[in-house]
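Chemist: Below you'll find input06.tsv; it's TSV, C-alpha atoms.
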```
chain	number	residue	atom	x	y	z
G	28	ALA	CA	108.88	105.00	39.83
G	29	PRO	CA	108.13	106.60	43.21
G	30	LYS	CA	111.12	107.97	45.07
G	31	LYS	CA	112.47	105.87	47.89
G	32	LYS	CA	111.80	107.39	51.31
G	33	MET	CA	114.82	108.59	53.19
G	34	ALA	CA	115.95	106.75	56.28
G	35	GLY	CA	114.75	108.66	59.29
G	36	THR	CA	111.10	109.45	58.92
G	37	GLU	CA	111.52	112.97	60.29
G	38	ARG	CA	111.83	114.12	56.66
G	39	SER	CA	108.30	112.94	55.96
G	40	GLY	CA	106.88	114.43	59.15
G	41	LYS	CA	105.88	111.08	60.63
G	42	VAL	CA	106.05	110.21	64.30
G	43	VAL	CA	109.09	108.16	65.30
G	44	SER	CA	108.31	106.20	68.45
G	45	GLN	CA	110.69	104.30	70.68
G	46	GLU	CA	111.61	100.70	70.10
G	47	ALA	CA	109.09	98.14	71.30
G	48	SER	CA	111.70	96.50	73.55
G	49	ALA	CA	111.95	99.74	75.56
G	50	VAL	CA	108.24	99.77	76.40
G	51	VAL	CA	108.02	98.17	79.84
G	52	GLY	CA	104.82	98.53	81.83
G	53	PRO	CA	101.72	100.59	81.07
G	54	VAL	CA	102.00	103.43	78.56
G	55	PHE	CA	101.26	106.93	79.86
G	56	GLU	CA	97.83	107.66	78.41
G	57	VAL	CA	97.57	111.01	76.64
G	58	GLY	CA	94.16	112.58	77.23
G	59	GLY	CA	92.73	116.07	77.02
G	60	ALA	CA	90.66	117.81	74.38
G	61	ASN	CA	93.15	117.58	71.49
G	62	PRO	CA	95.48	114.60	71.92
G	63	ARG	CA	96.38	114.59	68.22
G	64	VAL	CA	98.71	117.56	68.80
G	65	PHE	CA	99.27	116.60	72.46
G	66	ASN	CA	97.07	119.49	73.61
G	67	MET	CA	99.59	122.06	72.42
G	68	GLU	CA	98.55	125.30	70.78
G	69	PRO	CA	98.22	124.49	67.04
G	70	GLU	CA	100.61	127.27	66.01
G	71	LEU	CA	103.25	126.06	68.46
G	72	HIS	CA	102.90	122.43	67.40
G	73	HIS	CA	103.07	123.37	63.71
G	74	LYS	CA	106.22	125.47	64.11
G	75	ILE	CA	107.96	122.83	66.23
G	76	ALA	CA	107.30	120.14	63.63
G	77	ARG	CA	108.74	122.35	60.88
G	78	SER	CA	111.76	123.61	62.81
G	79	GLU	CA	115.24	122.51	61.81
G	80	TYR	CA	116.11	121.63	65.39
G	81	PHE	CA	113.20	119.23	65.68
G	82	LYS	CA	114.04	117.63	62.34
G	83	GLY	CA	117.50	116.94	63.70
G	84	ILE	CA	116.23	115.04	66.74
G	85	SER	CA	113.02	113.46	65.51
G	86	ALA	CA	114.73	110.27	64.28
G	87	MET	CA	115.85	109.39	67.83
G	88	ARG	CA	114.26	106.25	69.19
G	89	SER	CA	116.03	106.04	72.53
G	90	PHE	CA	114.47	107.59	75.62
G	91	SER	CA	117.83	107.78	77.40
G	92	LYS	CA	119.44	109.64	74.48
G	93	VAL	CA	116.67	112.23	74.46
G	94	VAL	CA	117.16	112.71	78.20
G	95	ASP	CA	120.89	113.21	77.59
G	96	VAL	CA	120.10	115.96	75.07
G	97	ILE	CA	117.80	117.64	77.59
G	98	TYR	CA	120.63	117.57	80.13
G	99	GLU	CA	123.08	119.11	77.67
G	100	LYS	CA	120.93	121.68	75.86
G	101	VAL	CA	117.98	122.89	77.92
G	102	VAL	CA	118.55	126.00	80.06
G	103	CYS	CA	114.93	127.21	80.27
G	104	VAL	CA	111.48	125.71	79.64
G	105	ALA	CA	109.60	128.61	78.05
G	106	PRO	CA	107.95	127.59	74.74
G	107	TRP	CA	109.45	130.35	72.58
G	108	THR	CA	112.91	131.80	71.97
G	109	TYR	CA	112.95	135.42	70.85
G	110	ARG	CA	115.50	136.87	68.46
G	111	GLY	CA	116.38	140.27	67.09
G	112	SER	CA	117.23	143.51	68.83
G	113	GLN	CA	113.58	144.09	69.71
G	114	LYS	CA	112.74	140.39	70.12
G	115	LYS	CA	110.22	140.47	67.31
G	116	TRP	CA	111.08	137.06	65.88
G	117	LYS	CA	110.23	133.95	67.83
G	118	THR	CA	111.10	130.33	67.23
G	119	PRO	CA	110.19	127.22	69.24
G	120	SER	CA	112.59	126.62	72.12
G	121	SER	CA	114.75	123.53	72.31
G	122	ALA	CA	112.83	122.56	75.46
G	123	PHE	CA	109.49	122.31	73.65
G	124	CYS	CA	111.06	120.63	70.63
G	125	LEU	CA	112.35	117.95	73.01
G	126	LEU	CA	108.98	117.84	74.76
G	127	LEU	CA	107.27	117.04	71.45
G	128	LYS	CA	109.92	114.40	70.79
G	129	LEU	CA	109.10	112.79	74.15
G	130	PHE	CA	105.44	112.67	73.11
G	131	HIS	CA	106.40	111.04	69.83
G	132	LEU	CA	108.34	108.36	71.70
G	133	GLY	CA	105.17	107.45	73.61
G	134	LEU	CA	106.51	107.24	77.15
G	135	THR	CA	105.50	104.66	79.70
G	136	GLU	CA	104.35	105.66	83.18
G	137	ARG	CA	107.66	104.41	84.51
G	138	GLN	CA	109.59	106.70	82.14
G	139	VAL	CA	107.48	109.71	83.12
G	140	SER	CA	108.24	108.96	86.77
G	141	GLU	CA	111.92	108.76	85.86
G	142	LEU	CA	111.74	112.25	84.38
G	143	LEU	CA	109.96	113.65	87.44
G	144	ASN	CA	112.51	112.17	89.86
G	145	HIS	CA	115.69	112.59	87.80
G	146	GLY	CA	118.67	113.62	89.88
G	147	ASP	CA	120.92	115.14	87.22
G	148	SER	CA	119.06	118.30	86.22
G	149	PRO	CA	115.98	120.24	87.34
G	150	TYR	CA	115.20	120.89	83.66
G	151	ILE	CA	114.69	117.18	83.07
G	152	ARG	CA	112.23	117.19	85.95
G	153	ALA	CA	110.51	120.35	84.69
G	154	LEU	CA	110.02	118.78	81.26
G	155	GLY	CA	108.51	115.77	83.02
G	156	MET	CA	106.02	118.12	84.69
G	157	LEU	CA	105.20	119.72	81.33
G	158	TYR	CA	104.73	116.26	79.81
G	159	VAL	CA	102.14	115.55	82.51
G	160	ARG	CA	100.45	118.95	82.22
G	161	PHE	CA	100.05	118.79	78.45
G	162	GLY	CA	99.46	115.06	78.14
G	163	ALA	CA	97.58	113.81	81.18
G	164	SER	CA	93.84	113.72	81.61
G	165	PRO	CA	92.82	116.60	83.93
G	166	ARG	CA	91.59	114.04	86.44
G	167	ARG	CA	95.16	112.70	86.78
G	168	LEU	CA	96.93	116.04	87.24
G	169	TRP	CA	96.86	116.05	91.04
G	170	GLN	CA	97.89	112.40	91.19
G	171	TRP	CA	101.01	113.09	89.09
G	172	LEU	CA	101.98	116.67	90.04
G	173	GLY	CA	100.68	116.96	93.61
G	174	PRO	CA	103.57	115.02	95.21
G	175	TYR	CA	106.05	117.61	93.86
G	176	CYS	CA	104.31	120.76	95.10
G	177	ASP	CA	106.68	120.97	98.08
G	178	ASP	CA	109.91	120.32	96.13
G	179	LEU	CA	112.58	122.89	97.03
G	180	GLU	CA	115.01	122.41	94.12
G	181	GLU	CA	115.52	125.72	92.32
G	182	PHE	CA	115.84	126.39	88.59
G	183	ALA	CA	115.18	129.11	86.01
G	184	PRO	CA	112.05	128.39	83.94
G	185	SER	CA	112.86	131.48	81.86
G	186	PRO	CA	115.90	133.77	81.60
G	187	GLU	CA	114.06	136.41	83.66
G	188	GLU	CA	113.03	134.42	86.74
G	189	THR	CA	113.87	131.61	89.13
G	190	CYS	CA	111.60	129.47	91.29
G	191	THR	CA	111.45	126.09	92.98
G	192	LEU	CA	110.11	123.03	91.24
G	193	GLY	CA	107.34	122.96	93.84
G	194	GLU	CA	106.24	126.47	92.87
G	195	PHE	CA	106.45	125.48	89.21
G	196	ALA	CA	104.19	122.46	89.81
G	197	GLN	CA	101.65	124.61	91.65
G	198	ARG	CA	101.71	127.12	88.81
G	199	LEU	CA	100.96	124.39	86.27
G	200	LEU	CA	98.03	123.23	88.39
G	201	THR	CA	96.42	126.60	89.05
G	202	THR	CA	97.37	129.18	86.45
G	203	THR	CA	94.60	130.55	84.28
G	204	GLU	CA	97.02	132.79	82.40
G	205	PRO	CA	99.11	131.76	79.38
G	206	PHE	CA	102.32	129.89	80.11
G	207	TYR	CA	104.83	132.37	78.65
G	208	GLU	CA	102.32	133.48	76.01
G	209	THR	CA	101.16	129.92	75.34
G	210	PRO	CA	97.81	128.68	76.70
G	211	LEU	CA	97.90	125.57	78.83
G	212	PRO	CA	95.34	122.81	78.23
G	213	ARG	CA	92.01	123.70	79.82
G	214	VAL	CA	91.01	121.96	83.04
G	215	ALA	CA	87.37	120.93	82.70
G	216	PRO	CA	84.77	120.73	84.13
G	217	ALA	CA	84.82	123.77	86.40
G	218	ALA	CA	84.17	121.53	89.43
G	219	LEU	CA	87.48	119.78	88.77
G	220	GLU	CA	89.30	123.11	88.60
G	221	ARG	CA	87.85	124.00	92.01
G	222	ARG	CA	88.99	120.62	93.37
G	223	LEU	CA	92.56	121.36	92.30
G	224	LEU	CA	92.46	124.61	94.26
G	225	ARG	CA	91.12	122.75	97.29
G	226	HIS	CA	93.89	120.16	96.92
G	227	LEU	CA	96.45	122.94	97.14
G	228	GLU	CA	94.75	124.28	100.28
G	229	ARG	CA	95.12	120.83	101.82
G	230	HIS	CA	98.73	120.82	100.69
G	231	ALA	CA	99.36	124.12	102.50
G	232	GLU	CA	97.82	122.60	105.66
G	233	MET	CA	100.12	119.58	105.27
G	234	MET	CA	103.18	121.83	105.04
G	235	ALA	CA	102.13	123.72	108.17
G	236	ARG	CA	101.77	120.37	109.96
G	237	ALA	CA	105.23	119.34	108.74
G	238	ARG	CA	106.76	122.47	110.25
G	239	ARG	CA	105.14	121.65	113.59
G	240	ASN	CA	106.33	118.05	113.44
G	241	MET	CA	109.90	119.01	112.58
G	242	ALA	CA	110.66	119.44	116.30
G	243	PHE	CA	110.10	115.68	116.78
G	244	VAL	CA	112.38	114.49	113.94
G	245	GLY	CA	115.18	112.40	115.45
G	246	THR	CA	113.27	111.73	118.68
G	247	GLU	CA	111.49	108.60	119.88
G	248	ARG	CA	108.25	109.96	118.47
G	249	LEU	CA	109.41	109.53	114.85
G	250	ARG	CA	111.81	106.61	114.95
G	251	LYS	CA	111.49	103.08	113.63
G	252	GLY	CA	108.76	101.23	115.52
G	253	ALA	CA	107.02	104.38	116.72
G	254	ASP	CA	103.24	104.59	116.76
G	255	GLY	CA	100.69	106.83	118.47
G	256	PHE	CA	100.07	109.05	115.46
G	257	SER	CA	97.45	109.51	112.75
G	258	CYS	CA	98.38	109.11	109.09
G	259	CYS	CA	96.57	110.26	105.92
G	260	ALA	CA	99.15	109.13	103.35
G	261	LEU	CA	97.10	106.49	101.54
G	262	ASP	CA	94.65	108.79	99.76
G	263	PHE	CA	96.35	112.19	99.75
G	264	TYR	CA	97.27	112.07	96.05
G	265	ALA	CA	94.35	110.00	94.80
G	266	PRO	CA	93.04	110.70	91.27
G	267	ASP	CA	89.97	112.91	90.90
G	268	ASP	CA	87.62	110.34	89.41
G	269	ASP	CA	84.54	111.65	91.22
G	270	ASP	CA	83.70	115.35	91.46
G	271	ASP	CA	81.47	114.68	94.47
G	272	ALA	CA	84.00	112.61	96.43
G	273	PRO	CA	84.90	114.16	99.81
G	274	LEU	CA	88.16	116.10	99.83
G	275	ALA	CA	88.96	115.62	103.50
G	276	PRO	CA	91.71	113.00	103.93
G	277	ALA	CA	90.92	109.78	105.77
G	278	TRP	CA	93.05	109.57	108.92
G	279	ARG	CA	94.15	106.20	110.25
G	280	LEU	CA	95.36	105.47	113.79
G	281	ASP	CA	96.90	102.00	113.29
G	282	GLY	CA	100.15	103.06	111.61
G	283	VAL	CA	103.64	102.00	112.65
G	284	ILE	CA	106.85	103.53	111.29
G	285	GLU	CA	108.88	100.80	109.59
G	286	MET	CA	111.62	103.04	108.17
G	287	VAL	CA	112.75	106.65	108.30
G	288	GLN	CA	114.02	107.83	104.91
G	289	PRO	CA	116.30	110.89	105.21
G	290	PRO	CA	116.42	113.46	102.40
G	291	TYR	CA	118.39	112.37	99.35
G	292	ASP	CA	122.04	113.37	98.97
G	293	GLY	CA	122.32	116.96	97.84
G	294	ALA	CA	118.71	117.77	98.76
G	295	PRO	CA	118.01	121.48	99.27
G	296	LYS	CA	118.15	122.77	102.82
G	297	GLY	CA	114.81	122.39	104.54
G	298	THR	CA	113.82	119.15	102.79
G	299	TYR	CA	111.93	116.91	105.21
G	300	PRO	CA	112.43	113.18	105.70
G	301	THR	CA	109.78	110.70	104.63
G	302	PHE	CA	108.51	107.58	106.39
G	303	ARG	CA	107.57	104.06	105.47
G	304	VAL	CA	104.36	103.44	107.42
G	305	ALA	CA	102.63	100.06	107.76
G	306	PHE	CA	99.02	99.76	108.94
G	307	ARG	CA	98.29	96.95	111.38
G	308	GLN	CA	94.61	96.46	110.59
G	309	ASP	CA	94.84	95.47	106.92
G	310	GLY	CA	98.58	95.31	106.22
G	311	LYS	CA	98.52	98.20	103.74
G	312	LEU	CA	101.66	100.25	103.27
G	313	ALA	CA	102.43	103.94	102.77
G	314	PRO	CA	106.00	103.72	101.41
G	315	HIS	CA	106.65	107.47	101.22
G	316	ALA	CA	104.53	109.19	103.86
G	317	LYS	CA	105.56	112.81	104.18
G	318	LEU	CA	106.20	114.49	107.50
G	319	GLY	CA	103.05	116.59	107.18
G	320	MET	CA	100.92	113.50	106.58
G	321	LEU	CA	101.45	112.50	110.22
G	322	GLU	CA	99.38	114.05	113.00
G	323	LEU	CA	101.21	113.43	116.26
G	324	THR	CA	99.09	112.79	119.37
G	325	ALA	CA	100.26	113.60	122.89
G	326	ALA	CA	103.24	111.57	124.09
G	327	PRO	CA	102.81	109.38	127.23
G	328	LEU	CA	104.62	111.89	129.46
G	329	GLU	CA	102.63	114.75	127.96
G	330	ARG	CA	99.40	112.84	128.56
G	331	ARG	CA	100.30	112.30	132.24
G	332	VAL	CA	101.05	115.99	132.69
G	333	ILE	CA	97.77	116.94	131.02
G	334	GLN	CA	95.81	114.45	133.14
G	335	ALA	CA	97.43	115.76	136.35
G	336	ALA	CA	96.63	119.35	135.40
G	337	GLU	CA	93.04	118.42	134.63
G	338	ALA	CA	92.73	116.70	138.01
G	339	VAL	CA	93.97	119.84	139.80
G	340	LEU	CA	91.45	121.96	137.92
G	341	ARG	CA	88.65	119.58	138.85
G	342	ARG	CA	89.57	119.75	142.53
G	343	LYS	CA	89.70	123.53	142.46
G	344	ALA	CA	86.34	123.71	140.72
G	345	ALA	CA	84.76	121.36	143.26
G	346	ARG	CA	86.15	123.09	146.38
G	347	PRO	CA	83.68	126.06	146.66
G	348	ALA	CA	80.68	123.79	146.08
G	349	SER	CA	81.71	121.43	148.90
G	350	ARG	CA	82.11	124.28	151.36
G	351	ASP	CA	78.70	125.66	150.42
G	352	ASN	CA	77.12	122.26	150.98
G	353	THR	CA	78.77	122.08	154.41
G	354	SER	CA	77.28	125.43	155.36
G	355	LYS	CA	73.83	124.32	154.26
G	356	SER	CA	74.08	121.14	156.34
G	357	LYS	CA	75.06	123.13	159.43
G	358	SER	CA	72.17	125.57	158.99
G	359	GLY	CA	69.78	122.66	158.75
G	360	SER	CA	70.97	121.33	162.12
G	361	GLY	CA	70.00	124.51	164.01
G	362	SER	CA	73.30	126.45	163.89
G	363	GLY	CA	72.24	128.78	161.09
G	364	SER	CA	73.51	131.99	162.70
G	365	GLU	CA	77.03	130.55	162.95
G	366	SER	CA	77.13	129.28	159.37
G	367	ASP	CA	75.55	132.48	158.01
G	368	SER	CA	78.38	134.58	159.39
G	369	SER	CA	81.18	132.22	158.22
G	370	GLU	CA	83.56	133.34	155.45
G	371	ASP	CA	83.13	132.04	151.90
G	372	SER	CA	85.86	130.32	149.87
G	373	PHE	CA	87.43	133.69	148.98
G	374	GLY	CA	87.73	134.86	152.65
G	375	ARG	CA	84.84	137.31	152.34
G	376	ARG	CA	81.98	137.51	154.89
G	377	PRO	CA	78.52	137.33	153.28
G	378	THR	CA	76.20	140.34	153.46
G	379	ALA	CA	72.87	140.33	155.32
G	380	ALA	CA	70.97	139.88	152.06
G	381	GLU	CA	73.15	136.92	151.11
G	382	ARG	CA	72.62	135.32	154.53
G	383	ALA	CA	68.86	135.77	154.17
G	384	ARG	CA	68.90	134.03	150.80
G	385	ARG	CA	70.90	131.14	152.24
G	386	ARG	CA	68.49	130.44	155.15
G	387	PRO	CA	66.13	127.51	154.55
G	388	PRO	CA	62.42	128.43	154.38
G	389	PRO	CA	60.47	128.05	157.64
G	390	ASP	CA	58.72	124.72	158.20
G	391	HIS	CA	54.92	125.39	158.65
G	392	SER	CA	53.92	121.81	158.92
```
As structure tokens, how would this structure be written, given the file I've shared?

Modeler:
Amino acid sequence: APKKKMAGTERSGKVVSQEASAVVGPVFEVGGANPRVFNMEPELHHKIARSEYFKGISAMRSFSKVVDVIYEKVVCVAPWTYRGSQKKWKTPSSAFCLLLKLFHLGLTERQVSELLNHGDSPYIRALGMLYVRFGASPRRLWQWLGPYCDDLEEFAPSPEETCTLGEFAQRLLTTTEPFYETPLPRVAPAALERRLLRHLERHAEMMARARRNMAFVGTERLRKGADGFSCCALDFYAPDDDDDAPLAPAWRLDGVIEMVQPPYDGAPKGTYPTFRVAFRQDGKLAPHAKLGMLELTAAPLERRVIQAAEAVLRRKAARPASRDNTSKSKSGSGSGSESDSSEDSFGRRPTAAERARRRPPPDHS
């Protein structure tokens, strides 16, 4: 008689997914060139599946319990842990064992968002970014990771370095080098890879705009009910479905600030507020418009000052021409010698050659 299988299918190497009752909303679709191993390097995937640590967690069916283990155990997110005096022996890290377990659970989009925005540990958030980088279709990378490229929370991705989560997200989007000796899934086609670089250029422009706008935070310009600005929030993190789609954001002028959302409690110093912006024309909403997604136009007082300065410049520019026309009218009435010797607008008397050029031609009729 065949032997009865042991409870907990991790012994047989099968995938243990989460309970059906926990699946709420659309499932995060795993794409890429090799979704069978979740786009991991085959050697890495093979060693994780055979590791004793993974066998000990693979029977878990609760997303929240796996997150608790990440909070308790993960102190770096590099794929390998090296052992021995010369670090010759390497084993899969607990972080990547837990990452594979998350893939086996088959997370929903809501659960991936929960990882990315978790408030208890930056390592939970970093594993959420790795879940996206290894699992998402390349055309969804900017949509999922772009909003976090300005995150200032710090952590240590490896024992030898520290960085912000924003820098980590940018590295996942742009690096062409191995991720701690492990290749990342390839971004293809090449046009899409170039679009990701252009997205990050736009992101840098947005951050520069945010620094300029910071002077207006807390003023009437950026309070509830304020308008008179342009907003590009609606399409800034759109998916890259079309390689030929224009990359320039679409600016709208009909936005009104409905709510100012200050940085969350415990946010790193320098974190900017966000804004809930409603658009009058079609009623659409940008619930989390970033400070750099707003282009502030001149305030009413500033516009009046600019208009007054422009009027002064126009009067100054018109003054010499009017005096010259007056001189010409006088010379035409028979008093040319008097007008020829008059001073110009700079207090300088014209020379004889200049007076000769100013005289009207003789009438031979």

Chemist: In Å, how far is it from atom CA of Trp169 of chain G to atom CA of Tyr299 of chain G?

Modeler: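 One can read the atom CA of Trp169 of chain G to atom CA of Tyr299 of chain G distance as 20.7 Å.
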
Chemist: What lies within 12 Å of segment 260-272 of chain G using all atoms listed in the file, ignoring chain neighbours under 2 positions off, as an MDAnalysis selection string?

Modeler: chainID G and resid 163:176 215:223 225:227 229:230 233 257:258 274:280 282 301:306 311:322

Chemist: With distances taken over only C-alpha atoms, which residue among G:Gly162, G:Pro210, G:Pro186, G:Gly310 lies nearest Gly133 of chain G?

Modeler: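 Distance minimum relative to Gly133 of chain G lands on G:Gly162.
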
Chemist: With all atoms listed in the file as the atoms that count, which of G:Arg250, G:Val244, G:Asp292, G:Ser48 lies nearest to Thr135 of chain G?

Modeler: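 For Thr135 of chain G, the nearest of the given residues is G:Ser48.
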
Chemist: In terms of the shortest atom-to-atom distance over only C-alpha atoms, which of G:Asn240, G:Thr203, G:Ser85, G:Ser120 is closest to Leu224 of chain G?

Modeler: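 Of G:Asn240, G:Thr203, G:Ser85, G:Ser120, the one nearest Leu224 of chain G is G:Thr203, counting only C-alpha atoms.
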